[in-house]
Amino acid sequence: MSLATRERTQTPAPAGGLELWTWFFMRISGIVLVFLVLGHFTIVHLLGEGVDRVNFAFVAGRWSSPLWQTWDWTMLTLGLIHGANGLRVVIDDYVRRDGLRAALKSALYVASLIFLLLGTLIIVAFDPAKGS
Amino acid sequence: MPGPAGGEATIRVLRYDPDAGGAPRWQTYRVPYEPMDRVLDALHAIKWRADGTLAFRRSCGHGICGSDAMVINGQNALACKVLIKDLSQPITVEPIRGLPVHKDLVVDMEPFFDAYRKVLPFLVNDDPAPDRERLQSPADRARYDDTTKCILCAACTTSCPVFWGDGQYAGPAAIVNAHRFVFDSRDRASNERLAVLSDKVGAFRCRTVFNCTRACPRDIHVTRAIQEVKSEILKRRV
């Protein structure tokens, strides 16, 4: 008899669902956030005159640039989703009652969405003229 | 006669009798011991000479069968591998956590073995049988060597806070035993195992607490094995 000639038919790929992708997102967003947050702190809080120069005009100046708008919006979005997913995981781990778990997770998703929309609106629709 | 480091040990056992009802209660025993006596020897001394109602599991008594995992001074361990002289006293002995207690130190292992069975913990290969054995290189064999050492004592799974809290998580031991076959070059069912473990109660539930690695009496790198399973699921999807 010859050696193995037939491969057993495998399922095409393991069914990596939401848990796989949220796990992967946490790794990637975590790495990106380290650079974004440390960069933010260095530029805004340490360089030049440090945090003392941060006022309305300073923020208005920064947000007139697409670079800083993008930087801050990415930091907001990744930070919010990263944190919300962390809380989702804690709720899944430690809340055993189905109803309470569903309620807490719904509240978490609604709050996260509101914060995300508010933050996006402020960064995108920021108009320095209205503040003066 | 007790030797130089021997003496009398004070052992507090968390007792529970379902027939008597009520909450579990601590019972204290004093047991003479010799330098090379283990906690299992002390439990034998209690059961055989002081209190025959004490219930615990043990089989081989030499760290191979995995029957006598219990919480000793707050740490999951095999009673047959822990020397009394190495422990601070009073020594506390409790049943492993996260599984229903039948009596004293005896727990219901069925939820643990249910999770174990779900990952198909056996070699699957429907290829025509070769004339002799299915060959494997030493390097291929080494790939999963660490996870062959599991004795299914449940010390890892019952040290895991996610297993305690959730009650549905497959647990480290099931993932370790999936790892043993997922990385076996002769096996043909790794995708089925990984599909089970990519479920919500599968490998991604691991929070890398490392309790399992610390608890394993066979020194398996349990947390690493779980991360390798996660990476493998990702690799096969991208």
# chains A, B, ... in the order shown; residues from 1 in each chain; ligands from 1
>>> interface_residues(of="chain B", to="chain A", cutoff="8 Å", atoms="only C-alpha atoms", output="PyMOL selection string")
chain B and resi 125-131+162+165-166+188-189+191-195+198-200+204+230+233-234+236-237
>>> select_by_dssp(residues="segment 39-227 of chain B", states="helix (DSSP H, G or I)", output="number ranges by chain")
B: 39-50, 79-81, 84-86, 110-118, 138-142, 146-149, 157-159, 161-166, 172-182, 190-197, 203-205, 211-215, 222-227
>>> write_last_selection(atoms="C-alpha atoms", output="PDB file, in the first residue's frame")
ATOM      1  CA  VAL B  39      -0.053  16.944  51.673  1.00  0.00           C
ATOM      2  CA  LEU B  40      -1.593  13.754  50.273  1.00  0.00           C
ATOM      3  CA  ASP B  41       0.110  11.772  53.078  1.00  0.00           C
ATOM      4  CA  ALA B  42      -1.459  14.128  55.600  1.00  0.00           C
ATOM      5  CA  LEU B  43      -4.911  13.668  54.031  1.00  0.00           C
ATOM      6  CA  HIS B  44      -4.392   9.878  54.175  1.00  0.00           C
ATOM      7  CA  ALA B  45      -3.390  10.151  57.833  1.00  0.00           C
ATOM      8  CA  ILE B  46      -6.577  12.109  58.563  1.00  0.00           C
ATOM      9  CA  LYS B  47      -8.854   9.756  56.630  1.00  0.00           C
ATOM     10  CA  TRP B  48      -7.307   6.495  57.823  1.00  0.00           C
ATOM     11  CA  ARG B  49      -6.664   7.354  61.447  1.00  0.00           C
ATOM     12  CA  ALA B  50      -8.678  10.402  62.519  1.00  0.00           C
ATOM     13  CA  ALA B  79      -1.577  17.136  46.860  1.00  0.00           C
ATOM     14  CA  CYS B  80       0.869  14.354  45.939  1.00  0.00           C
ATOM     15  CA  LYS B  81       3.522  16.798  44.691  1.00  0.00           C
ATOM     16  CA  ILE B  84       4.340  19.621  53.916  1.00  0.00           C
ATOM     17  CA  LYS B  85       7.704  21.012  55.049  1.00  0.00           C
ATOM     18  CA  ASP B  86       7.652  23.534  52.176  1.00  0.00           C
ATOM     19  CA  GLU B 110     -18.135  16.798  34.071  1.00  0.00           C
ATOM     20  CA  PRO B 111     -18.192  20.473  32.924  1.00  0.00           C
ATOM     21  CA  PHE B 112     -14.401  20.246  32.618  1.00  0.00           C
ATOM     22  CA  PHE B 113     -14.502  17.048  30.537  1.00  0.00           C
ATOM     23  CA  ASP B 114     -17.398  18.382  28.410  1.00  0.00           C
ATOM     24  CA  ALA B 115     -15.178  21.248  27.250  1.00  0.00           C
ATOM     25  CA  TYR B 116     -12.309  18.792  26.712  1.00  0.00           C
ATOM     26  CA  ARG B 117     -14.418  16.510  24.502  1.00  0.00           C
ATOM     27  CA  LYS B 118     -15.561  19.416  22.313  1.00  0.00           C
ATOM     28  CA  PRO B 138      11.686  15.184  15.197  1.00  0.00           C
ATOM     29  CA  ALA B 139      11.076  18.877  14.470  1.00  0.00           C
ATOM     30  CA  ASP B 140       7.386  18.243  13.744  1.00  0.00           C
ATOM     31  CA  ARG B 141       7.123  16.206  16.934  1.00  0.00           C
ATOM     32  CA  ALA B 142       8.804  18.937  18.948  1.00  0.00           C
ATOM     33  CA  ASP B 146       4.942  20.749  25.621  1.00  0.00           C
ATOM     34  CA  THR B 147       1.195  20.187  25.401  1.00  0.00           C
ATOM     35  CA  THR B 148       1.515  16.366  25.361  1.00  0.00           C
ATOM     36  CA  LYS B 149       2.367  16.578  29.060  1.00  0.00           C
ATOM     37  CA  THR B 157      -8.811  25.594  34.259  1.00  0.00           C
ATOM     38  CA  THR B 158      -9.946  25.991  37.862  1.00  0.00           C
ATOM     39  CA  SER B 159      -7.316  28.688  38.519  1.00  0.00           C
ATOM     40  CA  PRO B 161     -10.767  33.867  36.773  1.00  0.00           C
ATOM     41  CA  VAL B 162     -12.633  33.882  33.445  1.00  0.00           C
ATOM     42  CA  PHE B 163     -13.664  30.266  34.081  1.00  0.00           C
ATOM     43  CA  TRP B 164     -14.800  31.155  37.604  1.00  0.00           C
ATOM     44  CA  GLY B 165     -16.797  34.169  36.479  1.00  0.00           C
ATOM     45  CA  ASP B 166     -18.310  32.976  33.262  1.00  0.00           C
ATOM     46  CA  PRO B 172      -7.057  26.376  29.480  1.00  0.00           C
ATOM     47  CA  ALA B 173      -6.982  22.561  29.606  1.00  0.00           C
ATOM     48  CA  ALA B 174      -9.322  22.122  26.627  1.00  0.00           C
ATOM     49  CA  ILE B 175      -7.252  24.616  24.607  1.00  0.00           C
ATOM     50  CA  VAL B 176      -3.988  22.911  25.601  1.00  0.00           C
ATOM     51  CA  ASN B 177      -5.386  19.588  24.394  1.00  0.00           C
ATOM     52  CA  ALA B 178      -6.568  21.169  21.147  1.00  0.00           C
ATOM     53  CA  HIS B 179      -3.057  22.615  20.713  1.00  0.00           C
ATOM     54  CA  ARG B 180      -1.571  19.138  21.060  1.00  0.00           C
ATOM     55  CA  PHE B 181      -3.411  18.015  17.886  1.00  0.00           C
ATOM     56  CA  VAL B 182      -3.692  21.311  15.963  1.00  0.00           C
ATOM     57  CA  SER B 190      -7.279  21.117  13.074  1.00  0.00           C
ATOM     58  CA  ASN B 191      -9.758  23.435  11.338  1.00  0.00           C
ATOM     59  CA  GLU B 192     -12.631  21.763  13.153  1.00  0.00           C
ATOM     60  CA  ARG B 193     -10.870  22.235  16.492  1.00  0.00           C
ATOM     61  CA  LEU B 194     -10.016  25.854  15.723  1.00  0.00           C
ATOM     62  CA  ALA B 195     -13.618  26.504  14.710  1.00  0.00           C
ATOM     63  CA  VAL B 196     -14.728  25.327  18.159  1.00  0.00           C
ATOM     64  CA  LEU B 197     -12.115  27.546  19.800  1.00  0.00           C
ATOM     65  CA  ALA B 203      -9.553  30.771  23.048  1.00  0.00           C
ATOM     66  CA  PHE B 204     -10.285  34.498  22.661  1.00  0.00           C
ATOM     67  CA  ARG B 205     -11.801  34.491  26.135  1.00  0.00           C
ATOM     68  CA  ASN B 211      -2.775  31.751  36.635  1.00  0.00           C
ATOM     69  CA  CYS B 212      -2.949  28.580  34.517  1.00  0.00           C
ATOM     70  CA  THR B 213       0.766  28.581  33.743  1.00  0.00           C
ATOM     71  CA  ARG B 214       1.546  29.055  37.429  1.00  0.00           C
ATOM     72  CA  ALA B 215      -0.892  26.327  38.480  1.00  0.00           C
ATOM     73  CA  VAL B 222      -0.305  26.989  29.153  1.00  0.00           C
ATOM     74  CA  THR B 223      -0.761  30.690  28.393  1.00  0.00           C
ATOM     75  CA  ARG B 224       1.731  30.479  25.534  1.00  0.00           C
ATOM     76  CA  ALA B 225      -0.129  27.484  24.065  1.00  0.00           C
ATOM     77  CA  ILE B 226      -3.399  29.462  24.173  1.00  0.00           C
ATOM     78  CA  GLN B 227      -1.778  32.436  22.403  1.00  0.00           C
TER      79      GLN B 227
END
>>> residues_around(residues="Ala60 of chain A", least_positions_apart="5", cutoff="10 Å", atoms="only C-alpha atoms", output="NGL selection string")
:A and (55 or 65 or 126-129 or 131)
